[in-house]
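Q: Encoded as structure tokens, here's the structure I'll be asking about.
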Amino acid sequence: LDQVTDPQNIGAIFRSAAAFGVCGLIMQDRHAPPLQGVLVKTAAGAADMVPFARVTNLSRALERLNEAGYVSVGLAGEGESNLHDLLAQQDWGAGLKKLVLVLGSEGDGLRRLVAEHCDHLARIPMPGGFESLNVSHAASIALYEACARN
């Protein structure tokens, strides 16, 4: 999570992560709320089920994950392909254990340097004409899309 600050959004992302069997959640140390209060209440127990890490530099974390064989997909409205097509083209069925989804902040989305460290940028197609989704909803859709390939 790239500077996602709203505790309710993070709590909802924890819930989706638990529902889809995500192996872990990474958020920045700075600009992220503590795992308490509204966040934990919104997570409804999922914060205890999904391992998480706080990192100082998300770009460096993405570099390390890449070195370990992970492929990162940043969600961005300006992504060159839609998420569904990208996952289908890459044929990431069994290899999804090595997939990292990167989501940006509620207002600004992915920061430039974080986006540059993603292997791919993808968008969720929205034919209704609206430009963006709430980050927790985008996370749920992306996780469903990724997990539907298993």
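All residue names refer to the structure tokens as shown: chains lettered A, B, ... in order, residues numbered from 1 in each chain, ligands numbered from 1 in order.
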Can you pull out every residue within 8 Å of Val114 (chain A), counting only C-alpha atoms, but drop anything in the same chain fewer than 6 positions away, and send it as a PyMOL selection string?

A: chain A and resi 2+58-59

Q: I'd like the neighbourhood of Pro7 (chain A) as number ranges by chain, where a residue qualifies if any of its atoms comes within 9 Å (using only C-alpha atoms), though same-chain residues fewer than 2 positions away should be ignored.

A: A: 4-5, 9-12, 32-40, 42

Q: Please return, as a ChimeraX atom specification, all residues of region 30-150 of chain A that DSSP assigns to strand (DSSP E or B) on the basis of the backbone.

A: /A:52-55,71-75,81-82,99-102,104-105,109,120-123

Q: Taking N, CA, C and O atoms for each residue, export the selection above as a PDB file, in the first residue's frame.

A:
```pdb
ATOM      1  N   PHE A  52       1.587  -8.854   8.061  1.00  0.00           N
ATOM      2  CA  PHE A  52       1.855  -7.564   7.449  1.00  0.00           C
ATOM      3  C   PHE A  52       3.238  -7.086   7.857  1.00  0.00           C
ATOM      4  O   PHE A  52       3.790  -7.501   8.863  1.00  0.00           O
ATOM      5  N   ALA A  53       3.766  -6.227   7.011  1.00  0.00           N
ATOM      6  CA  ALA A  53       5.071  -5.626   7.285  1.00  0.00           C
ATOM      7  C   ALA A  53       4.978  -4.141   7.014  1.00  0.00           C
ATOM      8  O   ALA A  53       4.264  -3.706   6.113  1.00  0.00           O
ATOM      9  N   ARG A  54       5.710  -3.394   7.804  1.00  0.00           N
ATOM     10  CA  ARG A  54       5.844  -1.958   7.568  1.00  0.00           C
ATOM     11  C   ARG A  54       7.261  -1.735   7.068  1.00  0.00           C
ATOM     12  O   ARG A  54       8.214  -2.256   7.642  1.00  0.00           O
ATOM     13  N   VAL A  55       7.385  -0.993   5.982  1.00  0.00           N
ATOM     14  CA  VAL A  55       8.694  -0.726   5.402  1.00  0.00           C
ATOM     15  C   VAL A  55       8.925   0.777   5.334  1.00  0.00           C
ATOM     16  O   VAL A  55       7.981   1.559   5.242  1.00  0.00           O
ATOM     17  N   VAL A  71       6.509 -10.723  -9.254  1.00  0.00           N
ATOM     18  CA  VAL A  71       6.126  -9.792 -10.309  1.00  0.00           C
ATOM     19  C   VAL A  71       5.146  -8.801  -9.688  1.00  0.00           C
ATOM     20  O   VAL A  71       4.167  -9.195  -9.051  1.00  0.00           O
ATOM     21  N   SER A  72       5.422  -7.512  -9.857  1.00  0.00           N
ATOM     22  CA  SER A  72       4.557  -6.498  -9.254  1.00  0.00           C
ATOM     23  C   SER A  72       3.703  -5.809 -10.309  1.00  0.00           C
ATOM     24  O   SER A  72       4.175  -5.459 -11.389  1.00  0.00           O
ATOM     25  N   VAL A  73       2.433  -5.652  -9.964  1.00  0.00           N
ATOM     26  CA  VAL A  73       1.478  -4.965 -10.823  1.00  0.00           C
ATOM     27  C   VAL A  73       0.905  -3.800 -10.024  1.00  0.00           C
ATOM     28  O   VAL A  73       0.255  -3.999  -9.005  1.00  0.00           O
ATOM     29  N   GLY A  74       1.189  -2.599 -10.492  1.00  0.00           N
ATOM     30  CA  GLY A  74       0.644  -1.409  -9.872  1.00  0.00           C
ATOM     31  C   GLY A  74      -0.694  -1.079 -10.494  1.00  0.00           C
ATOM     32  O   GLY A  74      -0.837  -1.123 -11.721  1.00  0.00           O
ATOM     33  N   LEU A  75      -1.677  -0.775  -9.671  1.00  0.00           N
ATOM     34  CA  LEU A  75      -2.978  -0.379 -10.195  1.00  0.00           C
ATOM     35  C   LEU A  75      -2.984   1.128 -10.386  1.00  0.00           C
ATOM     36  O   LEU A  75      -2.735   1.883  -9.444  1.00  0.00           O
ATOM     37  N   SER A  81      -2.538  -1.570 -19.770  1.00  0.00           N
ATOM     38  CA  SER A  81      -3.510  -2.620 -20.089  1.00  0.00           C
ATOM     39  C   SER A  81      -4.464  -2.781 -18.917  1.00  0.00           C
ATOM     40  O   SER A  81      -4.188  -2.332 -17.812  1.00  0.00           O
ATOM     41  N   ASN A  82      -5.589  -3.425 -19.190  1.00  0.00           N
ATOM     42  CA  ASN A  82      -6.476  -3.655 -18.051  1.00  0.00           C
ATOM     43  C   ASN A  82      -6.029  -4.910 -17.314  1.00  0.00           C
ATOM     44  O   ASN A  82      -5.373  -5.782 -17.881  1.00  0.00           O
ATOM     45  N   LEU A  99       2.877 -12.971  -7.113  1.00  0.00           N
ATOM     46  CA  LEU A  99       2.279 -11.739  -7.632  1.00  0.00           C
ATOM     47  C   LEU A  99       2.117 -10.728  -6.506  1.00  0.00           C
ATOM     48  O   LEU A  99       1.633 -11.056  -5.432  1.00  0.00           O
ATOM     49  N   VAL A 100       2.538  -9.500  -6.772  1.00  0.00           N
ATOM     50  CA  VAL A 100       2.375  -8.398  -5.820  1.00  0.00           C
ATOM     51  C   VAL A 100       1.478  -7.365  -6.475  1.00  0.00           C
ATOM     52  O   VAL A 100       1.770  -6.897  -7.581  1.00  0.00           O
ATOM     53  N   LEU A 101       0.383  -7.025  -5.813  1.00  0.00           N
ATOM     54  CA  LEU A 101      -0.492  -5.949  -6.275  1.00  0.00           C
ATOM     55  C   LEU A 101      -0.144  -4.695  -5.482  1.00  0.00           C
ATOM     56  O   LEU A 101      -0.092  -4.735  -4.254  1.00  0.00           O
ATOM     57  N   VAL A 102       0.087  -3.599  -6.172  1.00  0.00           N
ATOM     58  CA  VAL A 102       0.486  -2.351  -5.529  1.00  0.00           C
ATOM     59  C   VAL A 102      -0.635  -1.337  -5.721  1.00  0.00           C
ATOM     60  O   VAL A 102      -1.028  -1.054  -6.856  1.00  0.00           O
ATOM     61  N   GLY A 104      -2.248   2.536  -4.661  1.00  0.00           N
ATOM     62  CA  GLY A 104      -1.847   3.866  -4.232  1.00  0.00           C
ATOM     63  C   GLY A 104      -2.827   4.528  -3.302  1.00  0.00           C
ATOM     64  O   GLY A 104      -3.902   4.010  -3.010  1.00  0.00           O
ATOM     65  N   SER A 105      -2.455   5.711  -2.864  1.00  0.00           N
ATOM     66  CA  SER A 105      -3.232   6.450  -1.877  1.00  0.00           C
ATOM     67  C   SER A 105      -4.587   6.873  -2.423  1.00  0.00           C
ATOM     68  O   SER A 105      -4.821   6.898  -3.627  1.00  0.00           O
ATOM     69  N   GLY A 109      -3.061   8.333  -5.795  1.00  0.00           N
ATOM     70  CA  GLY A 109      -2.706   7.069  -6.432  1.00  0.00           C
ATOM     71  C   GLY A 109      -1.257   6.713  -6.166  1.00  0.00           C
ATOM     72  O   GLY A 109      -0.678   7.111  -5.153  1.00  0.00           O
ATOM     73  N   HIS A 120       4.596  -3.936 -14.053  1.00  0.00           N
ATOM     74  CA  HIS A 120       3.484  -3.584 -14.948  1.00  0.00           C
ATOM     75  C   HIS A 120       2.594  -2.580 -14.247  1.00  0.00           C
ATOM     76  O   HIS A 120       2.468  -2.603 -13.015  1.00  0.00           O
ATOM     77  N   LEU A 121       1.932  -1.746 -15.036  1.00  0.00           N
ATOM     78  CA  LEU A 121       0.859  -0.894 -14.535  1.00  0.00           C
ATOM     79  C   LEU A 121      -0.414  -1.333 -15.235  1.00  0.00           C
ATOM     80  O   LEU A 121      -0.441  -1.492 -16.464  1.00  0.00           O
ATOM     81  N   ALA A 122      -1.444  -1.564 -14.467  1.00  0.00           N
ATOM     82  CA  ALA A 122      -2.711  -2.024 -15.036  1.00  0.00           C
ATOM     83  C   ALA A 122      -3.848  -1.197 -14.450  1.00  0.00           C
ATOM     84  O   ALA A 122      -3.733  -0.614 -13.380  1.00  0.00           O
ATOM     85  N   ARG A 123      -4.926  -1.182 -15.156  1.00  0.00           N
ATOM     86  CA  ARG A 123      -6.108  -0.445 -14.717  1.00  0.00           C
ATOM     87  C   ARG A 123      -7.286  -1.405 -14.613  1.00  0.00           C
ATOM     88  O   ARG A 123      -7.291  -2.464 -15.234  1.00  0.00           O
TER      89      ARG A 123
END
```

Q: Can you tell me, as a JSON list (two decimals) with N, CA and C atoms, in the first residue's frame, what residues are no more than 12 Å from Met126 (chain A) when counting only C-alpha atoms, ignoring any on the same chain fewer than 3 positions away?

A:
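File result.json, as written:
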```
[["chain", "number", "residue", "atom", "x", "y", "z"],
["A", 77, "GLY", "N", -4.92, 4.27, -13.07],
["A", 77, "GLY", "CA", -5.85, 4.59, -14.15],
["A", 77, "GLY", "C", -5.17, 4.73, -15.49],
["A", 82, "ASN", "N", -5.59, -3.42, -19.19],
["A", 82, "ASN", "CA", -6.48, -3.65, -18.05],
["A", 82, "ASN", "C", -6.03, -4.91, -17.31],
["A", 83, "LEU", "N", -6.33, -4.96, -16.04],
["A", 83, "LEU", "CA", -5.83, -6.02, -15.16],
["A", 83, "LEU", "C", -6.22, -7.40, -15.66],
["A", 123, "ARG", "N", -4.93, -1.18, -15.16],
["A", 123, "ARG", "CA", -6.11, -0.45, -14.72],
["A", 123, "ARG", "C", -7.29, -1.41, -14.61],
["A", 129, "GLY", "N", -17.62, 5.44, -17.10],
["A", 129, "GLY", "CA", -17.11, 6.78, -17.26],
["A", 129, "GLY", "C", -16.52, 7.39, -16.01],
["A", 130, "PHE", "N", -16.59, 6.70, -14.89],
["A", 130, "PHE", "CA", -15.99, 7.23, -13.67],
["A", 130, "PHE", "C", -14.51, 6.93, -13.71],
["A", 131, "GLU", "N", -13.68, 7.82, -13.16],
["A", 131, "GLU", "CA", -12.24, 7.69, -13.33],
["A", 131, "GLU", "C", -11.53, 6.84, -12.29],
["A", 132, "SER", "N", -12.09, 6.68, -11.10],
["A", 132, "SER", "CA", -11.36, 5.93, -10.07],
["A", 132, "SER", "C", -12.33, 5.29, -9.09],
["A", 133, "LEU", "N", -11.79, 4.36, -8.34],
["A", 133, "LEU", "CA", -12.54, 3.67, -7.28],
["A", 133, "LEU", "C", -11.89, 3.95, -5.94],
["A", 138, "ALA", "N", -11.00, -1.14, -5.07],
["A", 138, "ALA", "CA", -10.05, -1.54, -6.11],
["A", 138, "ALA", "C", -9.26, -2.77, -5.67],
["A", 141, "ILE", "N", -11.52, -5.89, -6.01],
["A", 141, "ILE", "CA", -11.69, -6.28, -7.42],
["A", 141, "ILE", "C", -10.40, -6.91, -7.94]]
```

Q: I'd like to know which of A:Glu106, A:Asp119, A:Asp48, A:Asp29 is closest to Leu86 (chain A), using only C-alpha atoms.

A: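 That would be A:Asp119, the residue with the smallest distance to Leu86 (chain A).
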
Q: Could you state the separation of CA of His84 (chain A) and CA of Ala146 (chain A) in Å, given to one decimal place?

A: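 For CA of His84 (chain A) relative to CA of Ala146 (chain A), the distance reads 8.1 Å.
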
Q: Pro51 (chain A): which residues within 10 Å, counting only C-alpha atoms, same-chain residues fewer than 5 positions away excluded, as number ranges by chain?

A: A: 14, 17-18, 22-26, 46

Q: State, in Å with one decimal place, the distance from CA of Asp6 (chain A) to CA of Ala44 (chain A).

A: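 According to the coordinates, CA of Asp6 (chain A) and CA of Ala44 (chain A) are separated by 15.8 Å.
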